[in-house]
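Chemist: The following file, input-v4.txt, comprises compact mmCIF, C-alpha atoms:
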```
# COMPACT_ATOMS: atom_id res chain seq x y z
CA LEU V 1317 -20.07 121.35 8.27
CA ALA V 1318 -16.61 120.03 9.13
CA LYS V 1319 -14.33 118.83 6.35
CA THR V 1320 -11.55 116.48 7.39
CA THR V 1321 -8.10 115.73 5.98
CA GLN V 1322 -5.83 112.77 6.71
CA PRO V 1323 -2.55 111.47 5.24
CA ILE V 1324 -3.31 109.10 2.39
CA SER V 1325 -0.98 106.34 3.54
CA MET V 1326 1.53 105.34 6.19
CA ASP V 1327 3.94 102.45 6.62
CA SER V 1328 5.09 101.07 9.94
CA TYR V 1329 6.84 98.03 11.37
CA GLU V 1330 5.43 95.56 13.81
CA GLY V 1331 5.79 96.62 17.41
CA GLN V 1332 6.02 100.32 16.66
CA GLU V 1333 3.63 103.02 17.80
CA VAL V 1334 1.65 104.64 15.01
CA ASN V 1335 0.13 108.10 15.14
CA ILE V 1336 -2.42 109.19 12.53
CA THR V 1337 -3.56 112.78 12.49
CA CYS V 1338 -6.84 114.14 11.17
CA SER V 1339 -7.32 117.81 10.45
CA HIS V 1340 -10.80 119.29 10.95
CA ASN V 1341 -10.41 123.06 10.95
CA ASN V 1342 -14.13 123.82 10.81
CA ILE V 1343 -15.24 121.53 13.61
CA ALA V 1344 -18.40 122.74 15.32
CA THR V 1345 -18.93 123.13 19.04
CA ASN V 1346 -21.18 120.09 19.28
CA ASP V 1347 -19.07 117.82 17.06
CA TYR V 1348 -17.44 114.69 18.42
CA ILE V 1349 -14.48 112.95 16.81
CA THR V 1350 -14.67 109.23 16.18
CA TRP V 1351 -12.08 106.92 14.62
CA TYR V 1352 -12.83 103.77 12.68
CA GLN V 1353 -10.84 100.91 11.19
CA GLN V 1354 -11.93 99.33 7.93
CA PHE V 1355 -10.80 96.13 6.24
CA PRO V 1356 -11.66 95.32 2.61
CA SER V 1357 -15.29 94.28 2.05
CA GLN V 1358 -16.21 95.07 5.65
CA GLY V 1359 -17.93 97.97 7.33
CA PRO V 1360 -15.98 100.44 9.47
CA ARG V 1361 -15.26 99.18 12.97
CA PHE V 1362 -15.38 101.60 15.91
CA ILE V 1363 -12.04 102.26 17.60
CA ILE V 1364 -12.38 105.30 19.85
CA GLN V 1365 -14.35 108.52 20.33
CA GLY V 1366 -13.60 111.80 22.04
CA TYR V 1367 -14.57 115.43 22.41
CA LYS V 1368 -11.47 117.06 23.93
CA THR V 1369 -8.13 116.33 25.61
CA LYS V 1370 -7.20 112.65 25.77
CA VAL V 1371 -9.19 109.45 25.64
CA THR V 1372 -7.71 105.99 26.06
CA ASN V 1373 -9.20 102.54 25.74
CA GLU V 1374 -7.77 99.04 25.48
CA VAL V 1375 -6.73 99.41 21.83
CA ALA V 1376 -5.91 103.07 21.20
CA SER V 1377 -5.54 106.61 22.47
CA LEU V 1378 -7.04 109.75 21.03
CA PHE V 1379 -5.41 113.14 21.52
CA ILE V 1380 -7.40 116.31 20.86
CA PRO V 1381 -5.76 119.72 21.39
CA ALA V 1382 -7.58 122.60 23.02
CA ASP V 1383 -8.61 124.22 19.74
CA ARG V 1384 -10.01 120.84 18.52
CA LYS V 1385 -8.95 121.57 14.96
CA SER V 1386 -7.11 118.29 14.73
CA SER V 1387 -6.99 114.94 16.42
CA THR V 1388 -4.41 112.16 16.59
CA LEU V 1389 -5.14 108.47 16.82
CA SER V 1390 -2.33 106.57 18.52
CA LEU V 1391 -2.01 102.82 18.06
CA PRO V 1392 0.55 101.27 20.42
CA ARG V 1393 2.69 98.37 19.22
CA VAL V 1394 0.98 97.65 15.91
CA SER V 1395 0.85 94.16 14.43
CA LEU V 1396 0.35 92.89 10.89
CA SER V 1397 -3.38 92.58 11.56
CA ASP V 1398 -3.60 96.35 12.04
CA THR V 1399 -3.04 96.82 8.30
CA ALA V 1400 -6.24 98.58 7.28
CA VAL V 1401 -7.73 101.95 6.36
CA TYR V 1402 -8.35 104.30 9.27
CA TYR V 1403 -10.99 107.02 9.12
CA CYS V 1404 -11.78 109.92 11.37
CA LEU V 1405 -15.43 110.93 11.55
CA VAL V 1406 -16.53 114.35 12.69
CA GLY V 1407 -20.19 114.60 13.45
CA PRO V 1408 -22.68 116.84 15.12
CA PHE V 1409 -24.81 115.08 17.66
CA SER V 1410 -27.38 117.78 17.41
CA GLY V 1411 -28.42 119.96 14.53
CA THR V 1412 -28.09 118.64 11.03
CA TYR V 1413 -26.43 115.25 11.64
CA LYS V 1414 -24.29 115.54 8.55
CA TYR V 1415 -21.51 113.20 9.47
CA ILE V 1416 -18.30 113.71 7.55
CA PHE V 1417 -15.71 110.99 7.13
CA GLY V 1418 -12.09 111.83 6.43
CA THR V 1419 -10.30 110.70 3.31
CA GLY V 1420 -8.92 107.71 5.14
CA THR V 1421 -5.33 106.68 5.91
CA ARG V 1422 -4.13 103.40 4.50
CA LEU V 1423 -1.82 101.91 7.14
CA LYS V 1424 0.50 99.13 6.10
CA VAL V 1425 2.30 97.28 8.85
CA LEU V 1426 5.46 95.49 7.77
CA ALA V 1427 7.10 92.50 9.44
CA ASP A 1454 -25.34 92.21 20.87
CA THR A 1455 -25.55 90.59 17.46
CA GLY A 1456 -24.32 93.62 15.54
CA VAL A 1457 -25.82 95.46 12.61
CA SER A 1458 -27.03 93.11 9.90
CA GLN A 1459 -27.41 94.03 6.24
CA ASN A 1460 -29.02 92.03 3.47
CA PRO A 1461 -28.24 91.13 0.83
CA ARG A 1462 -24.46 91.33 0.98
CA HIS A 1463 -24.21 91.58 -2.77
CA LYS A 1464 -26.70 92.70 -5.39
CA ILE A 1465 -26.18 92.64 -9.14
CA THR A 1466 -28.83 94.22 -11.31
CA LYS A 1467 -29.37 95.72 -14.71
CA ARG A 1468 -29.53 99.44 -15.23
CA GLY A 1469 -33.06 100.74 -14.83
CA GLN A 1470 -34.17 98.14 -12.31
CA ASN A 1471 -35.28 98.89 -8.77
CA VAL A 1472 -33.39 97.48 -5.79
CA THR A 1473 -34.11 97.37 -2.07
CA PHE A 1474 -31.66 96.79 0.77
CA ARG A 1475 -32.47 95.93 4.35
CA CYS A 1476 -30.72 96.90 7.57
CA ASP A 1477 -31.37 95.41 10.99
CA PRO A 1478 -29.77 97.59 13.65
CA ILE A 1479 -28.57 96.55 17.07
CA SER A 1480 -31.81 95.94 18.93
CA GLU A 1481 -31.77 98.70 21.52
CA HIS A 1482 -30.36 101.38 19.17
CA ASN A 1483 -32.84 104.10 18.30
CA ARG A 1484 -30.69 105.84 15.72
CA LEU A 1485 -30.03 104.43 12.27
CA TYR A 1486 -27.86 105.83 9.50
CA TRP A 1487 -27.28 105.04 5.84
CA TYR A 1488 -24.01 105.75 4.02
CA ARG A 1489 -22.65 105.11 0.54
CA GLN A 1490 -19.03 104.22 -0.09
CA THR A 1491 -17.30 104.03 -3.45
CA LEU A 1492 -13.96 102.38 -4.06
CA GLY A 1493 -11.08 104.23 -2.42
CA GLN A 1494 -13.32 106.80 -0.75
CA GLY A 1495 -14.64 107.27 2.75
CA PRO A 1496 -18.32 106.66 3.49
CA GLU A 1497 -20.68 109.47 2.48
CA PHE A 1498 -23.66 110.22 4.68
CA LEU A 1499 -27.04 109.65 3.03
CA THR A 1500 -29.75 109.80 5.66
CA TYR A 1501 -30.53 109.33 9.32
CA PHE A 1502 -33.46 108.09 11.44
CA GLN A 1503 -34.30 108.56 15.05
CA ASN A 1504 -36.78 105.79 15.77
CA GLU A 1505 -39.17 105.90 12.79
CA ALA A 1506 -38.60 109.54 11.93
CA GLN A 1507 -36.27 110.38 9.06
CA LEU A 1508 -34.58 113.53 10.33
CA GLU A 1509 -31.99 114.36 7.71
CA LYS A 1510 -31.30 113.61 4.08
CA SER A 1511 -28.12 114.43 2.21
CA ARG A 1512 -28.15 116.15 -1.15
CA LEU A 1513 -26.62 112.89 -2.41
CA LEU A 1514 -29.99 111.24 -1.86
CA SER A 1515 -31.72 111.97 -5.14
CA ASP A 1516 -35.43 111.51 -5.78
CA ARG A 1517 -34.71 107.95 -6.91
CA PHE A 1518 -33.62 107.04 -3.40
CA SER A 1519 -36.03 106.45 -0.54
CA ALA A 1520 -35.50 105.10 2.93
CA GLU A 1521 -37.95 103.94 5.53
CA ARG A 1522 -37.82 102.69 9.07
CA PRO A 1523 -41.29 101.44 9.96
CA LYS A 1524 -41.94 101.08 13.69
CA GLY A 1525 -38.43 102.23 14.42
CA SER A 1526 -36.90 98.81 13.93
CA PHE A 1527 -35.33 97.64 10.65
CA SER A 1528 -34.81 100.01 7.76
CA THR A 1529 -34.97 99.68 4.00
CA LEU A 1530 -33.21 101.71 1.34
CA GLU A 1531 -34.74 101.60 -2.13
CA ILE A 1532 -33.16 102.83 -5.33
CA GLN A 1533 -35.48 103.22 -8.30
CA ARG A 1534 -34.37 103.19 -11.93
CA THR A 1535 -30.78 102.34 -11.04
CA GLU A 1536 -27.93 104.02 -12.92
CA GLN A 1537 -24.30 103.05 -13.41
CA GLY A 1538 -23.27 105.68 -10.89
CA ASP A 1539 -25.25 103.93 -8.18
CA SER A 1540 -22.68 101.14 -8.06
CA ALA A 1541 -21.22 101.33 -4.56
CA MET A 1542 -21.20 99.79 -1.11
CA TYR A 1543 -24.24 100.84 0.92
CA LEU A 1544 -23.52 100.87 4.62
CA CYS A 1545 -25.92 100.99 7.53
CA ALA A 1546 -25.00 102.02 11.07
CA SER A 1547 -26.86 102.36 14.34
CA SER A 1548 -26.19 104.06 17.65
CA LEU A 1549 -27.66 103.86 21.11
CA GLY A 1550 -28.17 107.54 21.65
CA LYS A 1551 -27.17 111.10 21.01
CA HIS A 1552 -23.55 110.88 22.14
CA GLN A 1553 -22.86 107.26 21.37
CA PRO A 1554 -20.66 106.03 18.49
CA GLN A 1555 -22.15 104.49 15.38
CA HIS A 1556 -21.72 100.78 14.78
CA PHE A 1557 -21.65 99.65 11.18
CA GLY A 1558 -22.83 96.59 9.31
CA ASP A 1559 -20.71 95.05 6.56
CA GLY A 1560 -22.74 96.69 3.84
CA THR A 1561 -24.49 95.71 0.64
CA ARG A 1562 -22.38 95.91 -2.48
CA LEU A 1563 -24.43 97.01 -5.48
CA SER A 1564 -23.21 96.38 -9.00
CA ILE A 1565 -25.09 97.81 -11.95
CA LEU A 1566 -24.63 96.03 -15.27
```
Turn the structure described in the file into structure tokens.
Modeler:
Amino acid sequence: LAKTTQPISMDSYEGQEVNITCSHNNIATNDYITWYQQFPSQGPRFIIQGYKTKVTNEVASLFIPADRKSSTLSLPRVSLSDTAVYYCLVGPFSGTYKYIFGTGTRLKVLA
Amino acid sequence: DTGVSQNPRHKITKRGQNVTFRCDPISEHNRLYWYRQTLGQGPEFLTYFQNEAQLEKSRLLSDRFSAERPKGSFSTLEIQRTEQGDSAMYLCASSLGKHQPQHFGDGTRLSIL
């Protein structure tokens, strides 16, 4: 059962690249890593998912080192609308299905 | 793809009453999950269905909580004899398959008076 740890908060300026790291030392072999964005009074919104190495989509990149004990979400050129809480989710896709969300990182983007 | 729909969005009730929430997943998704989220915390896993079968329940899901997913379509989460500590956002998510990401609804916010 993987427990995850993230920085509580981060500040950034518009146009900068933001990297948020999630630590999951006890990740299991079958666990995937998924990142979500959440605005107040809304459900988490899927950003990106990966298992190992690097994954990139139109909004973000996800870096996972070989030991998979951490992962880094990279948001290129953030804007004010990226101000939100970001969660990493580590979950087995077989076995017990006990999905564990991180503590969440509150990102504030400044003008 | 109309997204995951949850009803009601808000529920206010008195302590001791029973409440029921409904979740309509994305139509082709066979997996459905329930989470609870309190203010300032990440979502906590409650239970999971694959089609109509409830495969896993968290220790957080006390005997007062029950979830169903008849015919593998929508799901309901019922809380009996509500307590102050049940006040939270209840989130539902669904996924297409074993290795697919979960997609969340906007939740039902429960307030216990």
Chemist: Rank nothing, just name the residue among V:Cys1404, V:Ala1344, V:Val1334, V:Leu1396 nearest to chain A, using all atoms listed in the file.
Modeler: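 Of the candidates, the smallest distance to chain A is held by V:Cys1404.
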Chemist: For a quick test of understanding: name the residues of chain A lying within 6 Å of chain V when counting all atoms listed in the file, and present them as a VMD selection string.
Modeler: chain A and resid 1495 1551 1557 to 1559
Chemist: Taking 5 positions as the minimum chain separation for residues in the same chain, which residues sit within 7 Å of Gln1459 of chain A when counting all atoms listed in the file? Answer as a ChimeraX atom specification.
Modeler: /A:1475-1477,1558-1561
Chemist: Quick one, how far is atom CA of Arg1393 of chain V from atom CA of Glu1333 of chain V?
Modeler: 5.0 Å
Chemist: Taking (6.9, 94.4, 16.6) in the file's coordinates as the center, which residues reach within 7 Å of it, counting all atoms listed in the file, put as a list in words?
Modeler: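 All residues meeting the 7 Å criterion around (6.9, 94.4, 16.6) are Tyr1329, Glu1330, Gly1331, Gln1332, Arg1393, Val1394 and Ser1395 of chain V.
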Chemist: Please write the residues from the selection above to a file, keeping C-alpha atoms, as a JSON list (two decimals), in the frame of the given file.
Modeler:
```
[["chain", "number", "residue", "atom", "x", "y", "z"],
["V", 1329, "TYR", "CA", 6.84, 98.03, 11.37],
["V", 1330, "GLU", "CA", 5.43, 95.56, 13.81],
["V", 1331, "GLY", "CA", 5.79, 96.62, 17.41],
["V", 1332, "GLN", "CA", 6.02, 100.32, 16.66],
["V", 1393, "ARG", "CA", 2.69, 98.37, 19.22],
["V", 1394, "VAL", "CA", 0.98, 97.65, 15.91],
["V", 1395, "SER", "CA", 0.85, 94.16, 14.43]]
```
Chemist: Env of segment 1336-1339 of chain V: 8 Å cut, atoms = only C-alpha atoms, seq-sep filter 5 positions within chain, self excluded. Answer as a list in words.
Modeler: Thr1320, Thr1321, Gln1322, Pro1323, Lys1385, Ser1386, Ser1387, Thr1388, Leu1389, Ser1390, Cys1404, Gly1418 and Thr1421 of chain V
Chemist: What are the centre and edge lengths in Å, to one decimal, of the axis-aligned box around all listed atoms of segment 1543-1554 of chain A with 6 Å added on each side, as JSON?
Modeler:
```
{"center_x": -24.4, "center_y": 106.0, "center_z": 11.5, "size_x": 19.5, "size_y": 22.3, "size_z": 33.2}
```
Chemist: What is the atom CA of Cys1545 of chain A-atom CA of Gln1503 of chain A distance in Å, reported with one decimal?
Modeler: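 These two atoms are separated by 13.6 Å.
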Chemist: Would you compute the distance between atom CA of Leu1544 of chain A and atom CA of Asp1398 of chain V? Give it in Å to one decimal.
Modeler: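 Between atom CA of Leu1544 of chain A and atom CA of Asp1398 of chain V the gap works out to 21.7 Å.
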Chemist: When you look at segment 1524-1535 of chain A with a cut-off of 12 Å (counting all atoms listed in the file), what residues show up, excluding the ones that are within fewer than 6 positions of it in the same chain? I need them as a PyMOL selection string.
Modeler: chain A and resi 1457-1461+1464-1489+1499-1507+1514-1518+1541+1543-1547+1560-1561+1563-1566
Chemist: Once you've located segment 1363-1381 of chain V in the structure I gave, write it as a short mmCIF file (atom, residue, chain, number, x, y, z; two decimals), in the first residue's frame, keeping N, CA and C atoms.
Modeler:
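part_30.cif, freshly written:
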```cif
data_model
loop_
_atom_site.label_atom_id
_atom_site.label_comp_id
_atom_site.auth_asym_id
_atom_site.auth_seq_id
_atom_site.Cartn_x
_atom_site.Cartn_y
_atom_site.Cartn_z
N ILE V 1363 -4.84 14.67 -15.53
CA ILE V 1363 -3.81 15.37 -16.29
C ILE V 1363 -2.98 14.39 -17.11
N ILE V 1364 -2.37 13.41 -16.42
CA ILE V 1364 -1.43 12.53 -17.09
C ILE V 1364 -1.21 11.28 -16.25
N GLN V 1365 -0.84 10.19 -16.91
CA GLN V 1365 -0.60 8.92 -16.22
C GLN V 1365 0.63 8.25 -16.81
N GLY V 1366 1.39 7.57 -15.93
CA GLY V 1366 2.55 6.85 -16.41
C GLY V 1366 2.92 5.70 -15.52
N TYR V 1367 3.80 4.85 -16.04
CA TYR V 1367 4.32 3.71 -15.27
C TYR V 1367 5.82 3.86 -15.03
N LYS V 1368 6.56 4.23 -16.07
CA LYS V 1368 8.00 4.43 -15.94
C LYS V 1368 8.49 5.40 -17.01
N THR V 1369 9.67 5.86 -16.85
CA THR V 1369 10.39 6.80 -17.74
C THR V 1369 9.60 8.09 -17.91
N LYS V 1370 9.33 8.48 -19.14
CA LYS V 1370 8.73 9.79 -19.39
C LYS V 1370 7.48 9.64 -20.24
N VAL V 1371 6.47 10.40 -19.85
CA VAL V 1371 5.23 10.47 -20.62
C VAL V 1371 4.93 11.94 -20.88
N THR V 1372 4.50 12.25 -22.07
CA THR V 1372 4.17 13.64 -22.41
C THR V 1372 2.84 13.67 -23.14
N ASN V 1373 2.00 14.66 -22.78
CA ASN V 1373 0.80 14.90 -23.55
C ASN V 1373 0.72 16.40 -23.86
N GLU V 1374 -0.41 16.87 -24.28
CA GLU V 1374 -0.52 18.24 -24.75
C GLU V 1374 -0.46 19.26 -23.61
N VAL V 1375 -0.62 18.81 -22.36
CA VAL V 1375 -0.64 19.78 -21.26
C VAL V 1375 0.49 19.60 -20.26
N ALA V 1376 1.12 18.43 -20.20
CA ALA V 1376 2.11 18.18 -19.16
C ALA V 1376 3.05 17.05 -19.56
N SER V 1377 4.11 16.93 -18.76
CA SER V 1377 5.03 15.80 -18.86
C SER V 1377 5.14 15.16 -17.49
N LEU V 1378 5.39 13.87 -17.51
CA LEU V 1378 5.55 13.11 -16.27
C LEU V 1378 6.87 12.35 -16.35
N PHE V 1379 7.72 12.59 -15.35
CA PHE V 1379 9.02 11.94 -15.30
C PHE V 1379 9.04 10.95 -14.14
N ILE V 1380 9.42 9.73 -14.43
CA ILE V 1380 9.47 8.67 -13.41
C ILE V 1380 10.84 8.01 -13.50
N PRO V 1381 11.65 8.10 -12.43
CA PRO V 1381 12.97 7.48 -12.47
C PRO V 1381 12.88 5.97 -12.45
#
```
